[in-house]
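J.: So that you have it, the file is run17.txt, and it contains compact mmCIF, C-alpha atoms:
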```
# COMPACT_ATOMS: atom_id res chain seq x y z
CA MET A 1 0.00 0.00 0.00
CA THR A 2 1.34 3.41 -0.92
CA ASN A 3 2.12 6.02 1.70
CA ARG A 4 -0.42 8.42 0.16
CA LYS A 5 -3.13 5.78 0.26
CA GLN A 6 -2.29 5.06 3.92
CA HIS A 7 -2.29 8.78 4.68
CA ILE A 8 -5.71 9.28 3.07
CA ALA A 9 -7.12 6.33 5.01
CA GLN A 10 -5.67 7.66 8.29
CA VAL A 11 -7.07 11.16 7.72
CA ALA A 12 -10.47 9.68 6.78
CA LEU A 13 -10.44 7.48 9.89
CA GLN A 14 -9.86 10.51 12.13
CA LEU A 15 -12.53 12.59 10.38
CA PHE A 16 -15.07 9.75 10.31
CA GLY A 17 -14.45 9.17 14.02
CA GLU A 18 -14.83 12.84 14.91
CA LYS A 19 -17.65 13.89 12.57
CA GLY A 20 -19.27 10.61 11.53
CA PHE A 21 -19.17 8.96 8.14
CA GLU A 22 -22.28 10.71 6.83
CA HIS A 23 -21.04 14.15 7.91
CA THR A 24 -17.60 13.86 6.33
CA PRO A 25 -17.53 14.73 2.63
CA THR A 26 -14.71 13.44 0.45
CA GLN A 27 -13.82 17.07 -0.30
CA LEU A 28 -12.93 17.54 3.37
CA ILE A 29 -10.89 14.34 3.44
CA ALA A 30 -8.99 15.48 0.35
CA LYS A 31 -8.36 18.92 1.83
CA GLU A 32 -7.16 17.57 5.18
CA ALA A 33 -4.99 14.91 3.49
CA GLY A 34 -3.52 17.43 1.06
CA VAL A 35 -4.57 15.43 -2.00
CA SER A 36 -7.12 15.79 -4.77
CA GLU A 37 -10.56 14.31 -4.36
CA ALA A 38 -9.94 12.40 -7.60
CA LEU A 39 -7.04 10.59 -5.95
CA ILE A 40 -9.36 9.34 -3.20
CA PHE A 41 -11.67 7.86 -5.83
CA LYS A 42 -8.72 6.43 -7.75
CA TYR A 43 -7.47 4.57 -4.66
CA PHE A 44 -10.80 3.60 -3.12
CA GLY A 45 -13.54 3.89 -5.76
CA SER A 46 -16.11 5.48 -3.45
CA LYS A 47 -16.51 6.89 0.03
CA GLU A 48 -18.23 3.63 1.08
CA GLN A 49 -15.31 1.57 -0.18
CA LEU A 50 -12.93 3.87 1.70
CA LEU A 51 -14.92 3.16 4.88
CA GLU A 52 -14.84 -0.59 4.20
CA PHE A 53 -11.07 -0.39 3.65
CA ILE A 54 -10.63 1.47 6.95
CA ILE A 55 -12.74 -1.04 8.89
CA LYS A 56 -11.13 -4.16 7.43
CA ASN A 57 -7.60 -2.81 7.78
CA GLY A 58 -8.35 -1.57 11.28
CA TYR A 59 -9.37 -5.01 12.47
CA LYS A 60 -6.47 -6.61 10.62
CA ARG A 61 -4.06 -4.21 12.35
CA ILE A 62 -5.66 -4.80 15.76
CA ILE A 63 -5.58 -8.59 15.37
CA GLU A 64 -1.93 -8.53 14.30
CA HIS A 65 -0.96 -6.19 17.13
CA ASN A 66 -2.79 -8.27 19.75
CA ARG A 67 -1.91 -11.73 18.49
CA GLY A 68 -1.58 -14.08 21.42
CA TRP A 69 -3.53 -12.01 23.96
CA LEU A 70 -5.88 -14.97 24.48
CA GLU A 71 -3.09 -17.50 24.85
CA GLU A 72 -3.91 -20.25 27.29
CA ARG A 73 -3.55 -18.99 30.81
CA ASP A 74 -5.39 -19.65 34.01
CA SER A 75 -9.15 -19.22 33.76
CA LEU A 76 -9.34 -16.16 35.97
CA GLY A 77 -6.44 -14.55 34.10
CA LEU A 78 -8.27 -15.09 30.82
CA ILE A 79 -11.47 -13.52 32.15
CA HIS A 80 -9.53 -10.54 33.50
CA SER A 81 -7.73 -10.14 30.14
CA VAL A 82 -11.06 -10.08 28.33
CA ILE A 83 -12.37 -7.47 30.78
CA GLU A 84 -9.26 -5.31 30.21
CA LEU A 85 -9.37 -5.74 26.44
CA PRO A 86 -11.76 -2.84 25.64
CA TYR A 87 -9.62 -0.41 27.64
CA LYS A 88 -6.44 -1.62 25.95
CA LEU A 89 -7.88 -1.56 22.43
CA VAL A 90 -9.51 1.87 22.68
CA LYS A 91 -6.37 3.33 24.22
CA GLU A 92 -4.26 1.96 21.31
CA GLU A 93 -6.67 2.89 18.50
CA PRO A 94 -9.01 5.65 19.76
CA HIS A 95 -10.06 6.94 16.32
CA PHE A 96 -10.86 3.46 15.05
CA TRP A 97 -13.04 2.56 18.03
CA LYS A 98 -14.78 5.93 18.04
CA LEU A 99 -15.64 5.34 14.38
CA GLN A 100 -16.69 1.76 15.15
CA SER A 101 -19.03 3.00 17.91
CA ARG A 102 -20.71 5.28 15.36
CA LEU A 103 -21.27 2.43 12.88
CA THR A 104 -23.93 0.44 14.71
CA ASN A 105 -25.97 0.06 11.51
CA SER A 106 -23.05 -0.82 9.23
CA GLU A 107 -23.14 -4.43 8.07
CA VAL A 108 -19.42 -4.39 7.22
CA ALA A 109 -18.50 -3.03 10.66
CA GLN A 110 -20.73 -5.54 12.45
CA LYS A 111 -19.37 -8.51 10.48
CA GLN A 112 -15.75 -7.52 11.12
CA HIS A 113 -16.45 -6.99 14.83
CA GLU A 114 -18.17 -10.38 15.13
CA ARG A 115 -15.28 -12.04 13.30
CA PHE A 116 -12.81 -10.34 15.65
CA LEU A 117 -14.68 -11.59 18.75
CA GLN A 118 -15.49 -15.04 17.34
CA PRO A 119 -13.10 -17.08 19.56
CA VAL A 120 -13.94 -15.25 22.79
CA PRO A 121 -17.27 -16.85 23.84
CA ALA A 122 -15.93 -20.43 23.72
CA LEU A 123 -12.79 -19.44 25.65
CA LEU A 124 -14.85 -17.66 28.29
CA HIS A 125 -17.24 -20.60 28.55
CA ARG A 126 -14.35 -22.98 29.26
CA ALA A 127 -12.96 -20.56 31.83
CA PHE A 128 -16.29 -20.25 33.66
CA VAL A 129 -16.71 -24.04 33.65
CA LYS A 130 -13.20 -24.50 35.10
CA LEU A 131 -13.99 -21.93 37.79
CA GLY A 132 -17.16 -23.85 38.73
CA TYR A 133 -19.81 -21.34 37.68
CA ALA A 134 -23.29 -22.94 37.67
CA GLU A 135 -24.45 -21.18 34.49
CA PRO A 136 -21.39 -20.51 32.34
CA ASP A 137 -23.44 -19.61 29.24
CA LYS A 138 -25.22 -16.84 31.13
CA GLU A 139 -21.94 -15.61 32.59
CA VAL A 140 -20.45 -15.41 29.08
CA SER A 141 -23.46 -13.47 27.79
CA LEU A 142 -23.35 -11.05 30.72
CA LEU A 143 -19.62 -10.45 30.43
CA LEU A 144 -19.81 -9.89 26.66
CA LEU A 145 -22.61 -7.35 27.19
CA LEU A 146 -20.49 -5.51 29.76
CA ILE A 147 -17.46 -5.52 27.47
CA ASP A 148 -19.49 -4.23 24.55
CA ALA A 149 -20.81 -1.38 26.68
CA LEU A 150 -17.37 -0.59 28.12
CA TRP A 151 -15.57 -0.08 24.81
CA LYS A 152 -18.42 2.10 23.52
CA ILE A 153 -18.34 4.22 26.68
CA GLN A 154 -14.58 4.57 26.50
CA ALA A 155 -14.60 5.34 22.77
CA GLN A 156 -16.99 8.22 23.42
CA LYS A 157 -15.07 9.31 26.55
CA THR A 158 -18.21 9.56 28.67
CA ASP A 159 -16.70 7.78 31.69
CA GLU A 160 -13.42 9.00 33.13
CA GLN A 161 -13.38 6.29 35.83
CA ILE A 162 -13.21 3.40 33.36
CA GLN A 163 -10.28 1.70 35.14
CA GLU A 164 -12.19 1.74 38.42
CA THR A 165 -15.12 0.12 36.66
CA LEU A 166 -12.87 -2.54 35.12
CA ASP A 167 -11.31 -3.32 38.51
CA PHE A 168 -14.78 -3.57 40.07
CA ILE A 169 -15.96 -6.00 37.38
CA LYS A 170 -12.80 -8.09 37.74
CA SER A 171 -13.38 -8.31 41.51
CA LYS A 172 -16.72 -10.04 40.84
CA TYR A 173 -15.08 -13.06 39.21
CA LYS A 174 -13.40 -15.81 41.22
CA ALA A 175 -13.48 -19.57 41.62
CA GLN A 176 -16.84 -20.80 42.86
CA SER A 177 -17.02 -23.01 45.93
```
Would you give me this structure, written as structure tokens?

T.:
Amino acid sequence: MTNRKQHIAQVALQLFGEKGFEHTPTQLIAKEAGVSEALIFKYFGSKEQLLEFIIKNGYKRIIEHNRGWLEERDSLGLIHSVIELPYKLVKEEPHFWKLQSRLTNSEVAQKQHERFLQPVPALLHRAFVKLGYAEPDKEVSLLLLLIDALWKIQAQKTDEQIQETLDFIKSKYKAQS
């Protein structure tokens, strides 16, 4: 990928995250990137294809950067890692996750997000079983709901005490007697 193409995608990511996809014209992207609007269409074809490129490459980058974060570890450690994941990801890629939080109706964004999280439910289920939880499926569902809410809150910066919240959630999980 060329440096100019990467630069355009990065500028578009920041603008889409700040203003929203629908409120960011390609003219503004071109101006902010210091390129012609025609070059955007040459590289990406359309504004929608630019968005798709940003989403797919964002998840690819995140997966590559976080490879191994779900490596086998003790069950409680895995659960705590999953709880910390939204904080870690949003901190590393704030523009991407802010954009992602704005794309609740985007099929491409939803599919990529589901693909990204695909291994997590089974891993959590095994962890809850090992810890002796009576209803591991319900625990997985609850934890995934919390995680989904946490990254959206953090991406929008509406909760400054996110670490306190993460620590509180982590304190709720332990081996069952």

J.: Name all residues at most 12 Å from region 92-103 of chain A (count all atoms listed in the file; drop same-chain ones fewer than 4 positions away) and give them as an MDAnalysis selection string.

T.: chainID A and resid 9:24 51:52 54:63 65:66 85:88 107:113 148:158

J.: For each of A:His125, A:His7, A:Lys172, A:Lys47, take the minimum atom-to-atom distance to Pro25 (chain A), counting all atoms listed in the file, then give the residue where this is smallest.

T.: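 For Pro25 (chain A), the nearest of the candidates is A:Lys47.
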
J.: Of the candidates A:Leu142, A:Trp69, A:Thr26, A:Ile162, which one gets nearest to Glu48 (chain A) if we count all atoms listed in the file?

T.: A:Thr26

J.: Would you work out the distance separating CA of Glu71 (chain A) from CA of Tyr133 (chain A), expressed in Å to one decimal?

T.: 21.4 Å

J.: Have a look at CA of Glu84 (chain A) and CA of Lys130 (chain A) and let me know their distance in Å, one decimal.

T.: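 Distance reported for this atom pair: 20.2 Å.
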